[in-house]
Structures are given as C-alpha cells and as structure tokens.
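Reproduced below: structure-v5.txt, with compact mmCIF, C-alpha atoms.
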```
# COMPACT_ATOMS: atom_id res chain seq x y z
CA MET A 1476 -15.33 3.47 -19.97
CA SER A 1477 -16.10 5.18 -16.70
CA HIS A 1478 -13.38 3.41 -14.74
CA TYR A 1479 -10.58 4.96 -16.76
CA TRP A 1480 -10.95 8.42 -15.38
CA THR A 1481 -8.96 8.15 -12.14
CA SER A 1482 -5.71 7.38 -13.93
CA ASP A 1483 -6.47 9.86 -16.73
CA LEU A 1484 -6.85 12.82 -14.39
CA ALA A 1485 -3.23 12.96 -13.33
CA ASP A 1486 -2.04 12.93 -16.95
CA ARG A 1487 -3.56 16.35 -17.56
CA PRO A 1488 -1.31 19.40 -17.12
CA SER A 1489 -2.05 21.38 -13.96
CA PHE A 1490 -0.45 23.85 -11.58
CA PHE A 1491 0.28 21.11 -9.04
CA GLY A 1492 1.49 18.77 -11.77
CA ARG A 1493 4.44 21.08 -12.37
CA ILE A 1494 5.71 20.70 -8.80
CA ASP A 1495 8.35 17.99 -8.28
CA PRO A 1496 6.46 14.74 -7.50
CA ARG A 1497 8.61 14.01 -4.44
CA LEU A 1498 7.82 17.43 -3.03
CA ARG A 1499 4.13 16.92 -3.81
CA PHE A 1500 4.14 13.58 -2.04
CA SER A 1501 5.96 15.02 1.00
CA LEU A 1502 3.52 17.94 1.13
CA PHE A 1503 0.59 15.52 0.99
CA LEU A 1504 1.96 13.41 3.85
CA SER A 1505 2.85 16.50 5.91
CA ALA A 1506 -0.61 17.97 5.38
CA LEU A 1507 -2.21 14.68 6.46
CA GLY A 1508 -0.01 14.73 9.59
CA VAL A 1509 -0.98 18.33 10.37
CA ILE A 1510 -4.72 17.74 10.06
CA SER A 1511 -4.51 14.59 12.20
CA ALA A 1512 -2.72 16.43 14.99
CA ALA A 1513 -4.40 19.85 14.70
CA ARG A 1514 -7.01 21.01 17.19
CA GLY A 1515 -9.26 24.03 17.54
CA ARG A 1516 -8.18 27.12 15.61
CA LEU A 1517 -5.28 25.39 13.86
CA LEU A 1518 -7.63 22.76 12.44
CA PHE A 1519 -10.11 25.44 11.42
CA GLY A 1520 -7.30 27.41 9.76
CA ALA A 1521 -6.02 24.29 7.95
CA THR A 1522 -9.52 23.62 6.64
CA LEU A 1523 -9.87 27.17 5.31
CA PHE A 1524 -6.42 26.96 3.75
CA LEU A 1525 -7.21 23.67 2.00
CA ILE A 1526 -10.55 24.98 0.76
CA GLY A 1527 -8.65 28.00 -0.57
CA VAL A 1528 -6.12 25.78 -2.34
CA MET A 1529 -8.91 23.75 -3.87
CA LEU A 1530 -10.82 26.83 -5.03
CA PHE A 1531 -7.64 28.29 -6.50
CA SER A 1532 -6.87 25.09 -8.38
CA VAL A 1533 -10.37 24.62 -9.75
CA ALA A 1534 -10.53 28.28 -10.76
CA ALA A 1535 -7.25 27.86 -12.65
CA SER A 1536 -8.54 25.15 -14.97
CA ALA A 1537 -11.98 23.96 -16.08
CA LYS A 1538 -10.70 20.45 -16.75
CA PHE A 1539 -9.15 20.33 -13.32
CA ARG A 1540 -12.42 21.53 -11.79
CA ARG A 1541 -14.29 18.58 -13.28
CA SER A 1542 -11.55 16.19 -12.19
CA VAL A 1543 -11.49 17.41 -8.59
CA LEU A 1544 -15.27 17.39 -8.36
CA ARG A 1545 -15.45 13.86 -9.71
CA ALA A 1546 -12.75 12.72 -7.29
CA LEU A 1547 -14.61 14.40 -4.42
CA LEU A 1548 -17.87 12.74 -5.42
CA ALA A 1549 -16.19 9.35 -5.63
CA LEU A 1550 -14.58 9.79 -2.22
CA LEU A 1551 -17.63 11.25 -0.51
CA PRO A 1552 -19.31 7.98 0.59
CA PHE A 1553 -16.04 6.71 2.04
CA GLY A 1554 -15.42 10.05 3.79
CA ALA A 1555 -18.95 10.12 5.17
CA PHE A 1556 -18.51 6.62 6.55
CA VAL A 1557 -15.21 7.55 8.26
CA VAL A 1558 -16.74 10.69 9.75
CA PHE A 1559 -19.71 8.62 10.96
CA LEU A 1560 -17.34 6.21 12.70
CA MET A 1561 -15.39 9.10 14.22
CA LEU A 1562 -18.60 10.65 15.56
CA LEU A 1563 -19.47 7.33 17.20
CA SER A 1564 -16.10 7.03 18.96
CA ARG A 1565 -15.53 8.62 22.36
CA GLY A 1566 -13.86 11.96 22.93
CA THR A 1567 -14.22 13.26 19.40
CA GLY A 1568 -17.23 15.48 19.85
CA GLY A 1569 -17.62 18.91 18.28
CA PRO A 1570 -16.84 19.90 14.71
CA SER A 1571 -13.31 18.37 14.66
CA PRO A 1572 -14.23 15.04 13.03
CA LEU A 1573 -16.18 16.82 10.32
CA LEU A 1574 -13.33 19.25 9.63
CA ARG A 1575 -10.78 16.43 9.57
CA GLY A 1576 -12.99 14.43 7.23
CA LEU A 1577 -13.42 17.41 4.92
CA CYS A 1578 -9.67 18.17 4.94
CA SER A 1579 -8.84 14.53 4.19
CA LEU A 1580 -11.29 14.47 1.31
CA ILE A 1581 -9.87 17.63 -0.24
CA LEU A 1582 -6.31 16.41 0.24
CA ILE A 1583 -6.96 13.02 -1.32
CA ALA A 1584 -8.93 14.57 -4.19
CA LEU A 1585 -6.04 16.97 -4.90
CA PHE A 1586 -3.52 14.15 -4.59
CA VAL A 1587 -5.21 11.65 -6.92
CA THR A 1588 -5.90 14.32 -9.52
CA THR A 1589 -2.29 15.46 -9.65
CA MET A 1590 -0.23 12.30 -9.11
CA GLY A 1591 -0.29 9.50 -11.71
CA PHE A 1592 0.17 5.93 -10.57
CA ASP A 1593 3.52 5.54 -12.34
CA GLU A 1594 4.67 8.83 -10.85
CA LEU A 1595 3.64 7.71 -7.36
CA ARG A 1596 5.59 4.47 -7.69
CA GLU A 1597 8.66 6.37 -8.90
CA VAL A 1598 8.41 8.63 -5.86
CA LEU A 1599 8.08 5.65 -3.52
CA ARG A 1600 11.10 3.98 -5.15
CA SER A 1601 13.18 7.14 -4.85
CA LEU A 1602 12.19 7.34 -1.17
CA ARG A 1603 13.46 3.75 -0.80
CA VAL A 1604 10.09 2.36 0.26
CA PRO A 1605 10.40 -1.49 0.41
CA SER A 1606 9.67 -3.01 -3.00
CA ILE A 1607 7.14 -5.48 -1.55
CA PHE A 1608 4.99 -2.49 -0.56
CA ILE A 1609 5.22 -1.03 -4.09
CA THR A 1610 4.38 -4.43 -5.62
CA LEU A 1611 1.35 -4.78 -3.36
CA LEU A 1612 0.27 -1.28 -4.31
CA GLY A 1613 0.51 -2.39 -7.95
CA PHE A 1614 -1.77 -5.36 -7.26
CA VAL A 1615 -4.30 -3.13 -5.52
CA TYR A 1616 -4.26 -0.73 -8.46
CA ARG A 1617 -4.53 -3.55 -11.00
CA TYR A 1618 -7.47 -5.27 -9.34
CA PHE A 1619 -9.31 -2.17 -8.13
CA PHE A 1620 -10.58 -1.57 -11.67
CA LEU A 1621 -11.47 -5.21 -12.18
CA PHE A 1622 -13.58 -5.41 -9.01
CA ARG A 1623 -15.19 -2.10 -9.77
CA GLU A 1624 -16.12 -3.41 -13.20
CA GLU A 1625 -17.48 -6.64 -11.66
CA LEU A 1626 -19.48 -4.63 -9.14
CA GLU A 1627 -20.94 -2.50 -11.94
CA LYS A 1628 -21.92 -5.60 -13.95
CA MET A 1629 -23.53 -7.25 -10.93
CA ASP A 1630 -25.34 -4.04 -10.06
CA MET A 1631 -26.70 -3.91 -13.62
CA ALA A 1632 -27.85 -7.53 -13.36
CA LEU A 1633 -29.48 -6.75 -10.03
CA LYS A 1634 -31.34 -3.73 -11.42
CA ASN A 1635 -32.45 -5.83 -14.34
CA ARG A 1636 -34.10 -8.38 -12.08
CA SER A 1637 -35.21 -6.45 -8.98
CA PHE A 1638 -38.74 -5.20 -8.96
CA SER A 1639 -39.09 -4.01 -5.38
CA SER A 1640 -39.51 -0.27 -4.91
CA SER A 1641 -38.57 -0.46 -1.21
CA ARG A 1642 -35.42 1.51 -0.43
CA LEU A 1643 -34.60 -0.80 2.48
CA GLU A 1644 -34.79 -3.82 0.20
CA GLY A 1645 -32.54 -1.98 -2.26
CA TRP A 1646 -29.89 -1.44 0.43
CA ARG A 1647 -30.16 -5.07 1.54
CA LEU A 1648 -29.52 -6.24 -2.02
CA LYS A 1649 -26.61 -3.82 -2.38
CA ALA A 1650 -25.05 -5.29 0.78
CA LEU A 1651 -25.48 -8.80 -0.67
CA LEU A 1652 -23.83 -7.60 -3.85
CA ILE A 1653 -20.79 -6.29 -2.00
CA GLY A 1654 -20.59 -9.61 -0.14
CA GLN A 1655 -20.57 -11.44 -3.47
CA VAL A 1656 -17.78 -9.23 -4.80
CA LEU A 1657 -15.74 -9.98 -1.67
CA LEU A 1658 -16.27 -13.72 -2.18
CA ARG A 1659 -15.25 -13.39 -5.82
CA SER A 1660 -12.15 -11.45 -4.80
CA TYR A 1661 -11.20 -14.29 -2.45
CA ARG A 1662 -11.55 -16.83 -5.24
CA ARG A 1663 -9.67 -14.55 -7.61
CA SER A 1664 -6.80 -14.21 -5.13
CA GLU A 1665 -6.35 -18.00 -5.15
CA GLU A 1666 -6.32 -18.06 -8.95
CA VAL A 1667 -3.83 -15.20 -9.12
CA TYR A 1668 -1.56 -16.99 -6.65
CA ARG A 1669 -1.64 -20.04 -8.94
CA ALA A 1670 -0.80 -17.85 -11.94
CA MET A 1671 2.14 -16.37 -10.04
CA THR A 1672 3.36 -19.81 -8.96
CA ALA A 1673 3.12 -21.07 -12.54
CA ARG A 1674 5.50 -18.28 -13.53
CA GLY A 1675 8.15 -19.14 -10.96
CA TYR A 1676 6.99 -17.24 -7.87
CA ASP A 1677 7.98 -19.02 -4.67
CA GLY A 1678 7.11 -16.43 -2.05
CA LYS A 1679 10.32 -14.42 -2.42
CA GLU A 1680 10.33 -10.83 -3.59
CA ARG A 1681 12.76 -10.40 -6.50
CA MET B 1482 3.01 -45.61 -23.79
CA GLU B 1483 6.74 -45.02 -23.15
CA ARG B 1484 8.42 -43.52 -26.18
CA ARG B 1485 11.64 -41.64 -26.50
CA ASP B 1486 9.98 -38.54 -27.91
CA ASN B 1487 7.37 -38.26 -25.15
CA VAL B 1488 7.71 -34.95 -23.32
CA ILE B 1489 4.80 -35.68 -20.97
CA GLU B 1490 3.77 -39.05 -19.55
CA VAL B 1491 0.81 -39.29 -17.22
CA ARG B 1492 -0.17 -42.52 -15.45
CA GLY B 1493 -3.21 -43.08 -13.28
CA LEU B 1494 -3.82 -39.41 -12.56
CA SER B 1495 -6.60 -38.89 -10.02
CA TYR B 1496 -7.77 -35.81 -8.21
CA ARG B 1497 -10.57 -35.09 -5.78
CA TYR B 1498 -11.75 -31.61 -4.81
CA PRO B 1499 -11.36 -30.67 -1.11
CA GLY B 1500 -15.06 -31.54 -0.64
CA GLY B 1501 -14.33 -35.11 -1.80
CA GLU B 1502 -15.98 -34.83 -5.21
CA ARG B 1503 -14.12 -36.66 -7.95
CA ALA B 1504 -12.55 -34.50 -10.68
CA LEU B 1505 -10.20 -36.99 -12.36
CA GLU B 1506 -9.95 -40.77 -12.05
CA GLY B 1507 -7.08 -42.88 -13.38
CA VAL B 1508 -6.25 -40.77 -16.43
CA SER B 1509 -3.21 -41.90 -18.45
CA PHE B 1510 -1.82 -40.43 -21.66
CA ALA B 1511 1.36 -39.19 -23.30
CA VAL B 1512 2.26 -36.11 -25.30
CA ARG B 1513 4.99 -36.21 -27.94
CA LYS B 1514 7.60 -33.56 -28.57
CA GLY B 1515 6.43 -30.72 -30.83
CA GLU B 1516 2.85 -31.88 -31.23
CA ALA B 1517 -0.33 -29.92 -30.67
CA PHE B 1518 -2.33 -31.96 -28.20
CA ALA B 1519 -5.94 -31.11 -27.49
CA VAL B 1520 -7.81 -32.02 -24.31
CA VAL B 1521 -11.53 -31.95 -25.01
CA GLY B 1522 -14.61 -32.78 -22.99
CA PRO B 1523 -17.84 -31.19 -21.78
CA ASN B 1524 -18.04 -28.74 -18.88
CA GLY B 1525 -16.93 -30.33 -15.61
CA SER B 1526 -15.08 -33.19 -17.29
CA GLY B 1527 -11.80 -32.29 -15.56
CA LYS B 1528 -9.90 -30.51 -18.33
CA THR B 1529 -8.71 -27.55 -16.27
CA THR B 1530 -7.91 -29.80 -13.30
CA LEU B 1531 -5.74 -31.91 -15.58
CA LEU B 1532 -3.85 -28.85 -16.88
CA LEU B 1533 -3.31 -27.47 -13.37
CA SER B 1534 -1.98 -30.89 -12.32
CA LEU B 1535 0.52 -30.80 -15.19
CA MET B 1536 1.88 -27.55 -13.74
CA GLY B 1537 2.13 -29.11 -10.27
CA LEU B 1538 -0.44 -26.63 -8.97
CA LEU B 1539 -2.69 -29.30 -7.45
CA LYS B 1540 -1.96 -32.24 -5.16
CA PHE B 1541 -2.88 -35.21 -7.28
CA LYS B 1542 -2.54 -38.99 -7.10
CA GLY B 1543 -0.70 -40.87 -9.80
CA GLU B 1544 2.46 -40.17 -11.76
CA ILE B 1545 3.37 -37.31 -14.08
CA ARG B 1546 6.70 -37.17 -15.89
CA ILE B 1547 7.57 -34.00 -17.76
CA LEU B 1548 10.71 -33.72 -19.90
CA GLY B 1549 11.98 -36.83 -18.15
CA HIS B 1550 11.50 -35.46 -14.63
CA GLN B 1551 9.06 -36.78 -12.10
CA LEU B 1552 6.63 -34.00 -11.18
CA ASN B 1553 6.94 -33.67 -7.44
CA GLY B 1554 8.23 -31.07 -4.99
CA LYS B 1555 11.86 -31.32 -6.11
CA GLY B 1556 12.92 -29.21 -9.06
CA LEU B 1557 9.36 -28.12 -9.71
CA ARG B 1558 10.26 -24.45 -9.95
CA GLU B 1559 13.01 -25.15 -12.48
CA LEU B 1560 10.59 -27.27 -14.49
CA ARG B 1561 8.13 -24.37 -14.58
CA ARG B 1562 10.74 -22.33 -16.43
CA LYS B 1563 10.31 -24.81 -19.30
CA ILE B 1564 6.50 -24.86 -19.23
CA GLY B 1565 4.34 -21.87 -20.03
CA PHE B 1566 0.74 -21.71 -18.89
CA VAL B 1567 -1.95 -19.46 -20.36
CA PHE B 1568 -4.98 -19.28 -18.07
CA GLN B 1569 -8.50 -19.06 -19.43
CA ASP B 1570 -9.16 -15.66 -17.87
CA PRO B 1571 -6.44 -13.15 -18.79
CA ASP B 1572 -7.38 -11.06 -15.74
CA THR B 1573 -6.08 -13.93 -13.63
CA GLN B 1574 -2.88 -14.21 -15.61
CA LEU B 1575 -2.12 -10.49 -15.82
CA PHE B 1576 -1.71 -9.35 -12.23
CA MET B 1577 0.78 -6.51 -12.61
CA PRO B 1578 -0.35 -2.94 -13.36
CA THR B 1579 1.52 -2.52 -16.65
CA VAL B 1580 2.15 -4.87 -19.59
CA GLY B 1581 5.94 -4.55 -19.36
CA GLU B 1582 6.01 -5.43 -15.67
CA ASP B 1583 3.70 -8.36 -16.21
CA VAL B 1584 5.70 -9.91 -19.03
CA ALA B 1585 8.91 -9.30 -17.08
CA PHE B 1586 7.55 -11.07 -13.98
CA GLY B 1587 8.68 -14.54 -15.09
CA PRO B 1588 12.24 -13.53 -16.09
CA GLN B 1589 12.60 -11.61 -12.79
CA GLN B 1590 11.57 -14.68 -10.82
CA PHE B 1591 14.29 -16.68 -12.55
CA GLY B 1592 16.96 -14.09 -11.84
CA TYR B 1593 17.42 -12.40 -15.22
CA SER B 1594 19.00 -8.94 -15.02
CA GLY B 1595 16.93 -5.82 -15.75
CA ASP B 1596 18.36 -5.27 -19.24
CA GLU B 1597 18.08 -8.91 -20.20
CA ALA B 1598 14.50 -9.05 -18.91
CA LYS B 1599 13.66 -5.93 -20.95
CA ARG B 1600 15.08 -7.56 -24.09
CA MET B 1601 13.08 -10.73 -23.40
CA VAL B 1602 9.90 -8.68 -22.88
CA LYS B 1603 10.44 -6.91 -26.18
CA GLU B 1604 10.91 -10.22 -28.02
CA ALA B 1605 7.87 -11.81 -26.40
CA LEU B 1606 5.70 -8.81 -27.31
CA ARG B 1607 6.99 -8.90 -30.87
CA ALA B 1608 6.12 -12.60 -31.04
CA VAL B 1609 2.48 -11.82 -30.22
CA ARG B 1610 2.47 -8.70 -32.45
CA MET B 1611 2.09 -6.29 -29.54
CA GLU B 1612 5.29 -4.28 -29.84
CA GLY B 1613 5.39 -1.02 -27.91
CA TYR B 1614 2.79 -2.07 -25.33
CA GLU B 1615 5.30 -2.21 -22.43
CA GLY B 1616 4.08 0.95 -20.72
CA ARG B 1617 0.35 0.33 -21.20
CA PHE B 1618 -1.85 -0.24 -18.15
CA THR B 1619 -3.25 -3.77 -18.18
CA HIS B 1620 -6.76 -2.70 -17.15
CA ARG B 1621 -7.03 -0.50 -20.23
CA LEU B 1622 -6.51 -3.34 -22.72
CA SER B 1623 -9.29 -5.02 -24.66
CA TYR B 1624 -10.03 -8.69 -23.95
CA GLY B 1625 -8.28 -9.79 -27.17
CA GLU B 1626 -5.21 -7.70 -26.31
CA LYS B 1627 -5.14 -9.16 -22.81
CA LYS B 1628 -5.21 -12.67 -24.28
CA LYS B 1629 -2.21 -11.90 -26.49
CA ILE B 1630 -0.28 -10.34 -23.60
CA ALA B 1631 -1.12 -13.40 -21.48
CA LEU B 1632 0.46 -15.50 -24.23
CA ALA B 1633 3.52 -13.21 -24.19
CA THR B 1634 3.92 -13.77 -20.42
CA ALA B 1635 4.12 -17.50 -21.13
CA LEU B 1636 6.39 -17.16 -24.19
CA VAL B 1637 8.90 -14.85 -22.55
CA LEU B 1638 10.96 -17.69 -21.08
CA SER B 1639 10.98 -19.61 -24.40
CA PRO B 1640 9.21 -22.64 -22.92
CA GLU B 1641 9.50 -26.14 -24.37
CA ILE B 1642 5.87 -26.83 -23.56
CA LEU B 1643 2.95 -24.39 -23.66
CA ILE B 1644 -0.32 -25.16 -21.93
CA PHE B 1645 -3.52 -23.25 -22.77
CA ASP B 1646 -6.79 -23.37 -20.91
CA GLU B 1647 -9.69 -22.51 -23.28
CA PRO B 1648 -7.54 -20.23 -25.45
CA THR B 1649 -10.32 -19.02 -27.72
CA SER B 1650 -13.14 -18.54 -25.21
CA ASN B 1651 -14.88 -15.12 -25.30
CA LEU B 1652 -12.83 -13.90 -28.28
CA ASP B 1653 -14.52 -12.18 -31.21
CA PRO B 1654 -14.05 -13.90 -34.61
CA ALA B 1655 -11.15 -11.67 -35.72
CA SER B 1656 -9.29 -11.96 -32.39
CA ARG B 1657 -9.93 -15.71 -32.38
CA ARG B 1658 -8.43 -16.05 -35.84
CA GLU B 1659 -5.38 -13.99 -34.86
CA PHE B 1660 -4.91 -15.99 -31.68
CA LEU B 1661 -5.21 -19.30 -33.52
CA ASP B 1662 -2.62 -18.11 -36.04
CA LEU B 1663 -0.29 -17.29 -33.17
CA ILE B 1664 -0.75 -20.68 -31.49
CA GLY B 1665 -0.51 -22.50 -34.80
CA GLY B 1666 2.76 -20.74 -35.63
CA LEU B 1667 4.57 -21.81 -32.46
CA ASN B 1668 7.19 -24.54 -32.66
CA CYS B 1669 7.04 -25.86 -29.10
CA THR B 1670 4.81 -28.64 -27.76
CA ARG B 1671 1.32 -27.24 -27.20
CA ILE B 1672 -1.41 -28.65 -25.02
CA PHE B 1673 -4.78 -26.98 -24.93
CA ALA B 1674 -8.07 -27.67 -23.24
CA THR B 1675 -10.96 -26.47 -25.33
CA HIS B 1676 -14.59 -26.77 -26.40
CA ASP B 1677 -13.72 -25.20 -29.72
CA MET B 1678 -13.86 -28.22 -32.05
CA ASP B 1679 -13.02 -26.09 -35.06
CA MET B 1680 -9.77 -25.17 -33.33
CA VAL B 1681 -9.09 -28.85 -32.64
CA ARG B 1682 -9.65 -29.70 -36.30
CA ARG B 1683 -7.43 -26.81 -37.42
CA ILE B 1684 -4.47 -27.04 -35.03
CA ALA B 1685 -4.38 -30.29 -33.07
CA ASP B 1686 -2.39 -33.38 -34.05
CA ARG B 1687 -3.88 -35.66 -31.39
CA VAL B 1688 -6.72 -35.49 -28.91
CA LEU B 1689 -7.49 -36.70 -25.40
CA VAL B 1690 -11.21 -36.92 -24.66
CA LEU B 1691 -12.26 -36.60 -21.03
CA PHE B 1692 -15.74 -37.54 -19.93
CA GLU B 1693 -16.91 -37.38 -16.31
CA GLY B 1694 -13.31 -37.26 -15.07
CA ARG B 1695 -12.17 -40.34 -16.98
CA LYS B 1696 -10.30 -40.81 -20.22
CA ALA B 1697 -12.80 -41.64 -22.94
CA ALA B 1698 -10.35 -41.70 -25.86
CA GLU B 1699 -6.85 -40.75 -26.97
CA CYS B 1700 -6.54 -40.60 -30.73
CA ASP B 1701 -5.58 -38.54 -33.74
CA VAL B 1702 -7.89 -35.78 -34.92
CA GLU B 1703 -9.20 -37.60 -38.00
CA SER B 1704 -10.31 -40.59 -35.93
CA LEU B 1705 -12.17 -38.32 -33.51
CA PHE B 1706 -14.22 -36.65 -36.23
CA LYS B 1707 -14.91 -39.93 -38.03
CA SER B 1708 -17.41 -40.92 -35.38
CA PRO B 1709 -20.25 -38.37 -34.97
CA GLU B 1710 -21.97 -40.79 -32.59
CA ASN B 1711 -19.07 -40.68 -30.20
CA LEU B 1712 -18.88 -36.90 -30.47
CA ARG B 1713 -22.54 -36.69 -29.45
CA LYS B 1714 -22.07 -39.26 -26.68
CA TRP B 1715 -19.23 -37.21 -25.23
CA ARG B 1716 -21.25 -33.99 -25.64
CA LEU B 1717 -18.75 -32.56 -28.11
CA ALA B 1718 -21.24 -32.03 -30.90
```
Could you express the structure from this file as structure tokens?
Amino acid sequence: MSHYWTSDLADRPSFFGRIDPRLRFSLFLSALGVISAARGRLLFGATLFLIGVMLFSVAASAKFRRSVLRALLALLPFGAFVVFLMLLSRGTGGPSPLLRGLCSLILIALFVTTMGFDELREVLRSLRVPSIFITLLGFVYRYFFLFREELEKMDMALKNRSFSSSRLEGWRLKALLIGQVLLRSYRRSEEVYRAMTARGYDGKER
Amino acid sequence: MERRDNVIEVRGLSYRYPGGERALEGVSFAVRKGEAFAVVGPNGSGKTTLLLSLMGLLKFKGEIRILGHQLNGKGLRELRRKIGFVFQDPDTQLFMPTVGEDVAFGPQQFGYSGDEAKRMVKEALRAVRMEGYEGRFTHRLSYGEKKKIALATALVLSPEILIFDEPTSNLDPASRREFLDLIGGLNCTRIFATHDMDMVRRIADRVLVLFEGRKAAECDVESLFKSPENLRKWRLA
C-alpha cells in the first residue's frame, strides 16, 4: 500500500541513520533555527550546503535517492503553499522566502527519511519533552494514515463519477473533498474520545 | 425482571439525539450473568445507542443498573474497568500508534505499573491469538487483525461484561469464523448488537429485538427463529 512508505524509509540503513538519533534531532532543530534567522549570503550558503548534503546522501545510496525524492515530492505542495504565503506577506521580498522554503523542504525530507517514528519518540522522551506532547504526536501519526486512506478512497469515488473535463471544476471538487475529510475527522474525533472514555480515560495524562 | 443473577437491569431507557429525534423509547430488559445476549434490529433501530448508554457514554433517561450499581456519574470510571467495549470500527477503538501501546492504554488509565501492564498486554494478545504483535504499527494491520486487537484492548482488564457493536461486520468468512470462535470461547457476560443472524443462532442465549427505537421482543434464540413472520416484520430476514 502506498501509505506505508513514509515509515518504511527510516528503517533502511543510511549514512545519517548511523548518527546518534539525539544528535540528528538536535542538528535538525539547529539547522531549522539557522535557516529561519539567516539572511543574505548566510542563507545562500546554507542553501548550497543543504543541497550538497542532499546530493551526497542520494549519491551514496540508490534506495535513499528514491526515498528522498519521494519525500520531496510529497512535501512539495505544502512547501509551495508556505512559500506562496510568505511571498504575500510584507517585508519578505527577494529570493529569501524561496531559499528558506527550499532549505526547509530538504531538511524535512532528510529528517523523515532518516528518523523512524519510534526513534523520534525515544529522542523526545530522552529530551524530557512532556508526555502529553508525545501522546498527541502518536495520535497524529496514527490518524494521518487513516485520513490519507479516506482521502484516496473519496478521490477514487470522485473520479469514478465526475465527467467534467474543466480543470477549475476539478479543483472545486477537490476542495469539497478536503472539506468532507475535515468533517469526517471531526466526527471521528468524537468517536475516538468515546473509545478513550470507555477505557478509563478521564482527561488526565497517565 | 429483578433476579439475583442479573448483571444488567435496564428500565424505561429513552434517548433523543441532540436534534430531538427519538433513538430509544422506554426500553427495559435484563441480562443474566455469563449469558450471551444479542441485541438485534434493522438499521437505525437504536442498537448502538443502547450499547453506548450501557457504557454511560450518552445522557439518557431511565434507569440502568450494572453489577448492582446505578449507572450515573458516581463510580462510573470504576465500573468501566469491569466492562469492556468493542466498537464497530476498529480504527475508532485503536487510537495509539502501536499495538502494545493501545492494549496497554486501559491498564495505564487504571494505574497499573509498567511491568504489570506489559504482562497484561501479553496475556490479552495471547487470548486473541496475536502474540508478538506488541511493536507493530496499528495502521499496518489488516482489518481482521485490527478487530482482534480491538478485542484484546477490551479483554486486557479481564472484564466481567463485554459489549460488542457489530462484531462481525466487514470481516471476510475466515476472519469472521475466527472472531466468532474467540467470542464464543469467552466466559464473561457478552452483549452484542448485530445484523448477523447466523451469529445470533450460533452464539446467543437470549435476544432483545429493537424496532424503531422500542423493544419489540425479549426472548430466547429458539423462540425468535420459530416465527419467520416476526423476523420479516422486524426486517431481520
């Protein structure tokens, strides 16, 4: 199934995978901090460095190359949307938003392809991140795949019954589809809360 | 209706949806200790609403007594330790990322230590023939596997009463047979809402028939199947 790949990627051996996960996580956060704060030449240099790291890693392994490319492709629409928003906001003219967007994409792609979900939670626990945050992260991970699967099924149903060749109409239907998934997620959240309550949950983190 | 061996007594249970539409009206019945009690009825007859009410998950009118305790705000959490609930959709029931964490959720809520919870998880998984699945990601399981793990999450606290909502829906024939064997082999009191009349015939001792939110009959299984006319009238055949 297509939705398995994200968690499978990190299980594969890689150069980055051999680095201590805590160090990897700290490097990821530090790099995000640097690209958020960097301006001008520093930002340009950081971009070149990250591109270099990515090229080095994909050159080192064919499997890794496919993984990184797939992660980049999956993240691209989100990245493009963020960059679009940044371009619309004041005082962020020039190439900076694009470079930051590109750096973020590369960083996230490298991160998700080298850090498994279990590994990430272990790192967060060892860094004494509050357990409620880790639990919530678990819920997000658990239901991400479910909603993606629901979206895919609904998209298939939509394709099966839509006969309009208009691209605009296609986008309108896609927007409706996403709205439906959000509504379903709201209903699902109520059902999950009931399931938790039935198993003794009373709002306290244990 | 009052008998010493009744573990559940329901009197005049009514429930209306927030929009005002009636879901249940004046339903009364009793479930005896150790029996397999089926709740049957067509779609929209109020089966799931009734089960959710038994868990104290809905605000209903009427009286429900479970294991001798009035079902109201007081002691509800403690009562839930003794009642397991298996939801129709396992994706609702299994909300944690891994099987082990999910099965351990109940014991953790009731304050069991890490080691004890691990032992309980192991036992519950063995009971549903899913040993060694602790570390598996929930989203990678098949539907049949999810159903069994959902049962393990309910069994882990060794409940006195187990409630199932449509336990065999969407299962392939082999998974259905396995799941029925599991349910049939349990010793506790079992209540299940279902459309699966073959399951009722095979497992249930007694049956409650709901029709349009009201009790249409409460009888033993043989009596239910003796009257094909009634089965058709209640849209069960």
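Shortest atom-to-atom contact with chain A among B:Leu1622, B:Leu1505, B:Leu1548, B:Ala1635: B:Ala1635, counting all atoms listed in the file.
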Report task. Please determine the contact residues of chain B with respect to chain A at a cut-off of 7 Å, counting all atoms listed in the file, and supply them as a PyMOL selection string. Result -> chain B and resi 1536+1538+1558+1561-1562+1566+1573-1574+1576-1578+1587+1589-1591+1620
Report task. Quick one: pull the distance between atom CA of Leu1652 of chain B and atom CA of Tyr1624 of chain B, Å, one decimal. Result ->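 Atom-to-atom, atom CA of Leu1652 of chain B and atom CA of Tyr1624 of chain B are spaced 7.3 Å apart.
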Assuming 8 Å of padding per side, give the centre and edge lengths of the axis-aligned box around every listed atom of segment 1579-1585 of chain B, in Å to one decimal and as lines of an AutoDock Vina configuration file.
```
center_x = 5.2
center_y = -6.2
center_z = -17.6
size_x = 23.4
size_y = 23.4
size_z = 19.9
```
Report summary line: One residue among A:Val1533, A:Leu1574, A:Met1590, A:Val1598 is nearest to Ser1511 of chain A when using only C-alpha atoms, and that residue is A:Leu1574
**Report entry** Nearest to Gln1655 of chain A by atom-to-atom distance, counting all atoms listed in the file, from A:Met1629, A:Phe1638, A:Leu1643, A:Leu1498
**Finding:**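 When distances to Gln1655 of chain A are compared using all atoms listed in the file, the smallest one comes from A:Met1629.
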Query raised in the report: For Ala1506 of chain A, which residue out of A:Phe1608, A:Phe1553, A:Phe1524, A:Trp1646 is the nearest one, using only C-alpha atoms?
Result: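 Of A:Phe1608, A:Phe1553, A:Phe1524, A:Trp1646, the one nearest Ala1506 of chain A, counting only C-alpha atoms, is A:Phe1524.
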Report task. Please write as an NGL selection string the list of polymer residues whose atoms come within 9 Å of (-0.2, -10.9, -32.0), counting only C-alpha atoms and keeping to the coordinates of the file. Result -> :B and (1606-1612 or 1626 or 1629-1630 or 1633 or 1659-1660 or 1662-1663)
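Separating atom CA of Glu1516 of chain B from atom CA of Ser1534 of chain B is a distance of 19.5 Å.
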**Report entry** Computed interatomic separation between atom CA of Val1584 of chain B and atom CA of Cys1669 of chain B (Å)
**Finding:**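 It comes out at 18.9 Å.
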Requested in this report: Tell me which protein, DNA and RNA residues are within 7 Å of Arg1687 of chain B, counting only C-alpha atoms, leaving out same-chain ones fewer than 3 positions away, and put them as a list of chain:residue names.
Outcome: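 My list of contacting residues is B:Ala1517, B:Phe1518, B:Ala1519, B:Cys1700, B:Asp1701, B:Val1702.
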Query - Contacts of Ser1579 of chain A within 8 Å, only C-alpha atoms, excl. fewer than 5 positions in-chain, as a list in words - result: Leu1507, Ile1510 and Gly1554 of chain A
Report summary line: For Lys1599 of chain B, the closest of B:Arg1682, B:Ala1718, B:Glu1647, B:Ala1585 counting all atoms listed in the file is B:Ala1585
Requested in this report: Return the single residue from B:Thr1634, B:Ser1495, B:Asn1553, B:Thr1579 that is closest to Gly1507 of chain B, with distances computed using all atoms listed in the file.
Outcome: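 Going through B:Thr1634, B:Ser1495, B:Asn1553, B:Thr1579 one by one, the smallest distance to Gly1507 of chain B is for B:Ser1495.
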**Report entry** Surrounding residues of Gly1549 of chain B excluding itself and chain neighbours under 2 positions, 8 Å, all atoms listed in the file, as a ChimeraX atom specification
**Finding:** /B:1488-1489,1546-1547,1551
Restricted to C-alpha atoms, what would the selected residues look like written as a compact mmCIF listing (two decimals), in the coordinates of the input?
```
# COMPACT_ATOMS: atom_id res chain seq x y z
CA VAL B 1488 7.71 -34.95 -23.32
CA ILE B 1489 4.80 -35.68 -20.97
CA ARG B 1546 6.70 -37.17 -15.89
CA ILE B 1547 7.57 -34.00 -17.76
CA GLN B 1551 9.06 -36.78 -12.10
```
